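Structure file structure.cif; described as mmCIF, C-alpha atoms.
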data_model
loop_
_atom_site.group_PDB
_atom_site.id
_atom_site.type_symbol
_atom_site.label_atom_id
_atom_site.label_comp_id
_atom_site.auth_asym_id
_atom_site.auth_seq_id
_atom_site.Cartn_x
_atom_site.Cartn_y
_atom_site.Cartn_z
ATOM 1 C CA MET A 1 0.000 0.000 0.000
ATOM 2 C CA ASN A 2 1.140 3.576 -0.611
ATOM 3 C CA ILE A 3 1.283 6.092 2.235
ATOM 4 C CA ARG A 4 2.080 9.776 1.835
ATOM 5 C CA VAL A 5 4.491 10.654 4.658
ATOM 6 C CA LYS A 6 5.105 14.297 5.591
ATOM 7 C CA LEU A 7 7.883 15.161 8.029
ATOM 8 C CA TYR A 8 8.245 18.343 10.069
ATOM 9 C CA GLY A 9 10.949 20.091 12.090
ATOM 10 C CA VAL A 10 14.055 18.112 13.035
ATOM 11 C CA PHE A 11 12.619 14.978 11.440
ATOM 12 C CA ARG A 12 13.394 16.481 8.020
ATOM 13 C CA ILE A 13 17.144 16.743 8.697
ATOM 14 C CA GLY A 14 18.860 14.305 6.357
ATOM 15 C CA ARG A 15 15.531 12.899 5.209
ATOM 16 C CA PHE A 16 12.694 14.287 3.116
ATOM 17 C CA LYS A 17 9.795 16.725 3.467
ATOM 18 C CA ASP A 18 7.022 14.865 1.662
ATOM 19 C CA GLU A 19 7.244 11.416 0.078
ATOM 20 C CA ILE A 20 5.042 8.542 -1.061
ATOM 21 C CA ARG A 21 6.312 5.350 0.586
ATOM 22 C CA ALA A 22 5.241 1.717 0.142
ATOM 23 C CA TYR A 23 4.396 -0.400 3.200
ATOM 24 C CA PRO A 24 2.704 -3.785 3.581
ATOM 25 C CA GLU A 25 -0.976 -4.006 4.472
ATOM 26 C CA GLY A 26 -1.546 -3.813 8.221
ATOM 27 C CA THR A 27 1.396 -1.488 8.920
ATOM 28 C CA ARG A 28 0.969 0.605 12.062
ATOM 29 C CA ILE A 29 2.279 4.140 12.512
ATOM 30 C CA ALA A 30 4.787 2.940 15.136
ATOM 31 C CA GLU A 31 6.363 0.707 12.476
ATOM 32 C CA VAL A 32 6.754 3.668 10.102
ATOM 33 C CA VAL A 33 8.375 5.686 12.904
ATOM 34 C CA ARG A 34 10.871 2.868 13.554
ATOM 35 C CA ASP A 35 11.471 2.389 9.819
ATOM 36 C CA LEU A 36 12.422 6.067 9.526
ATOM 37 C CA GLY A 37 14.831 5.762 12.462
ATOM 38 C CA PHE A 38 13.152 8.305 14.746
ATOM 39 C CA SER A 39 13.721 8.280 18.469
ATOM 40 C CA GLU A 40 10.288 7.747 19.992
ATOM 41 C CA HIS A 41 11.088 10.153 22.861
ATOM 42 C CA LEU A 42 11.204 12.982 20.250
ATOM 43 C CA LEU A 43 7.860 12.011 18.725
ATOM 44 C CA GLY A 44 5.216 14.679 19.237
ATOM 45 C CA THR A 45 2.021 14.866 17.202
ATOM 46 C CA VAL A 46 0.950 12.217 14.714
ATOM 47 C CA VAL A 47 -1.811 13.062 12.244
ATOM 48 C CA VAL A 48 -3.504 10.834 9.653
ATOM 49 C CA ASN A 49 -5.817 12.447 7.130
ATOM 50 C CA ASP A 50 -6.045 15.634 9.256
ATOM 51 C CA ARG A 51 -6.937 13.784 12.504
ATOM 52 C CA HIS A 52 -4.735 13.301 15.577
ATOM 53 C CA VAL A 53 -4.152 9.594 16.131
ATOM 54 C CA SER A 54 -2.207 7.093 18.219
ATOM 55 C CA VAL A 55 1.010 5.528 16.934
ATOM 56 C CA GLU A 56 -0.757 2.180 17.260
ATOM 57 C CA GLN A 57 -3.246 3.041 14.517
ATOM 58 C CA GLU A 58 -3.125 0.847 11.435
ATOM 59 C CA LEU A 59 -2.628 2.683 8.158
ATOM 60 C CA ARG A 60 -4.673 2.198 4.981
ATOM 61 C CA ASP A 61 -3.706 2.603 1.351
ATOM 62 C CA GLY A 62 -3.746 6.265 0.370
ATOM 63 C CA ASP A 63 -3.473 7.652 3.915
ATOM 64 C CA CYS A 64 -1.550 10.876 4.501
ATOM 65 C CA LEU A 65 0.639 10.564 7.619
ATOM 66 C CA MET A 66 2.125 13.707 9.198
ATOM 67 C CA ILE A 67 4.845 13.213 11.822
ATOM 68 C CA LEU A 68 5.837 16.162 14.006
ATOM 69 C CA PRO A 69 8.551 16.284 16.668
ATOM 70 C CA LEU A 70 7.812 16.928 20.336
ATOM 71 C CA LEU A 71 9.501 20.332 20.208
ATOM 72 C CA ASP A 72 10.100 22.562 17.241
ATOM 73 C CA GLY A 73 11.035 26.172 17.166
ATOM 74 C CA GLY A 74 13.163 28.773 15.619
#
In structure tokens, how does this file's structure come out?
Amino acid sequence: MNIRVKLYGVFRIGRFKDEIRAYPEGTRIAEVVRDLGFSEHLLGTVVVNDRHVSVEQELRDGDCLMILPLLDGG
């Protein structure tokens, strides 16, 4: 299945801003976070299709996942 992943703040450093990524059916957000190599203690807000969700939520084909760090500023 294809998931649009959008990264914000420090999560973009050395990665990407917005990318379509392929994952197997039944993938949970926590698995995407681990796949991207993020430290879970930096994880802030997680949004799927404009709704705040838990990292345990299962993703569906075509979902838009936004991952924001705990703190961001400038």
* Within 12 Å of Lys17 of chain A, counting all atoms listed in the file, which residues qualify if same-chain residues fewer than 5 places away don't, as a PyMOL selection string? -> chain A and resi 4-12+65-68
On this structure, which residues satisfy the PyMOL selection byres ((chain A and resi 20) around 10), written as a PDB file with C-alpha atoms, keeping the file's coordinate frame?
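Below is the file that was written, result_10.pdb:
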ATOM      1  CA  MET A   1       0.000   0.000   0.000  1.00  0.00           C
ATOM      2  CA  ASN A   2       1.140   3.576  -0.611  1.00  0.00           C
ATOM      3  CA  ILE A   3       1.283   6.092   2.235  1.00  0.00           C
ATOM      4  CA  ARG A   4       2.080   9.776   1.835  1.00  0.00           C
ATOM      5  CA  VAL A   5       4.491  10.654   4.658  1.00  0.00           C
ATOM      6  CA  LYS A   6       5.105  14.297   5.591  1.00  0.00           C
ATOM      7  CA  ASP A  18       7.022  14.865   1.662  1.00  0.00           C
ATOM      8  CA  GLU A  19       7.244  11.416   0.078  1.00  0.00           C
ATOM      9  CA  ARG A  21       6.312   5.350   0.586  1.00  0.00           C
ATOM     10  CA  ALA A  22       5.241   1.717   0.142  1.00  0.00           C
ATOM     11  CA  TYR A  23       4.396  -0.400   3.200  1.00  0.00           C
ATOM     12  CA  GLY A  62      -3.746   6.265   0.370  1.00  0.00           C
ATOM     13  CA  ASP A  63      -3.473   7.652   3.915  1.00  0.00           C
ATOM     14  CA  CYS A  64      -1.550  10.876   4.501  1.00  0.00           C
ATOM     15  CA  LEU A  65       0.639  10.564   7.619  1.00  0.00           C
TER      16      LEU A  65
END
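When only C-alpha atoms are used to measure the gap to Val46 of chain A, the shortest distance among A:Pro24, A:Arg15, A:Arg34, A:Ile29 belongs to A:Ile29.
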On this structure, the PyMOL selection byres ((chain A and resi 28) around 10) would catch which residues? List them as a tab-separated table (two decimals) with C-alpha atoms, in the frame of the given file, sorted by chain and number.
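Here's the written file selection22.tsv:
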chain	number	residue	atom	x	y	z
A	23	TYR	CA	4.40	-0.40	3.20
A	24	PRO	CA	2.70	-3.78	3.58
A	25	GLU	CA	-0.98	-4.01	4.47
A	26	GLY	CA	-1.55	-3.81	8.22
A	27	THR	CA	1.40	-1.49	8.92
A	29	ILE	CA	2.28	4.14	12.51
A	30	ALA	CA	4.79	2.94	15.14
A	31	GLU	CA	6.36	0.71	12.48
A	32	VAL	CA	6.75	3.67	10.10
A	33	VAL	CA	8.38	5.69	12.90
A	54	SER	CA	-2.21	7.09	18.22
A	55	VAL	CA	1.01	5.53	16.93
A	56	GLU	CA	-0.76	2.18	17.26
A	57	GLN	CA	-3.25	3.04	14.52
A	58	GLU	CA	-3.12	0.85	11.44
A	59	LEU	CA	-2.63	2.68	8.16
A	60	ARG	CA	-4.67	2.20	4.98
Please report, as JSON, the centre and edge lengths in Å to one decimal of an axis-aligned box covering all listed atoms of segment 2-13 of chain A with 5 Å per side.
{"center_x": 9.1, "center_y": 11.8, "center_z": 6.2, "size_x": 26.0, "size_y": 26.5, "size_z": 23.6}
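Computed from the coordinates, the atom CA of Phe38 of chain A to atom CA of Val53 of chain A distance equals 17.4 Å.
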Here atom CA of Val48 of chain A and atom CA of Gly14 of chain A stand apart by 22.9 Å
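As for atom CA of Ile13 of chain A and atom CA of Asp61 of chain A, they are spaced 26.2 Å apart.
Applied to this file, the PyMOL selection byres ((chain A and resi 42-45) around 6) selects A:Ser39, A:Glu40, A:His41, A:Val46, A:Leu68, A:Pro69, A:Leu70.
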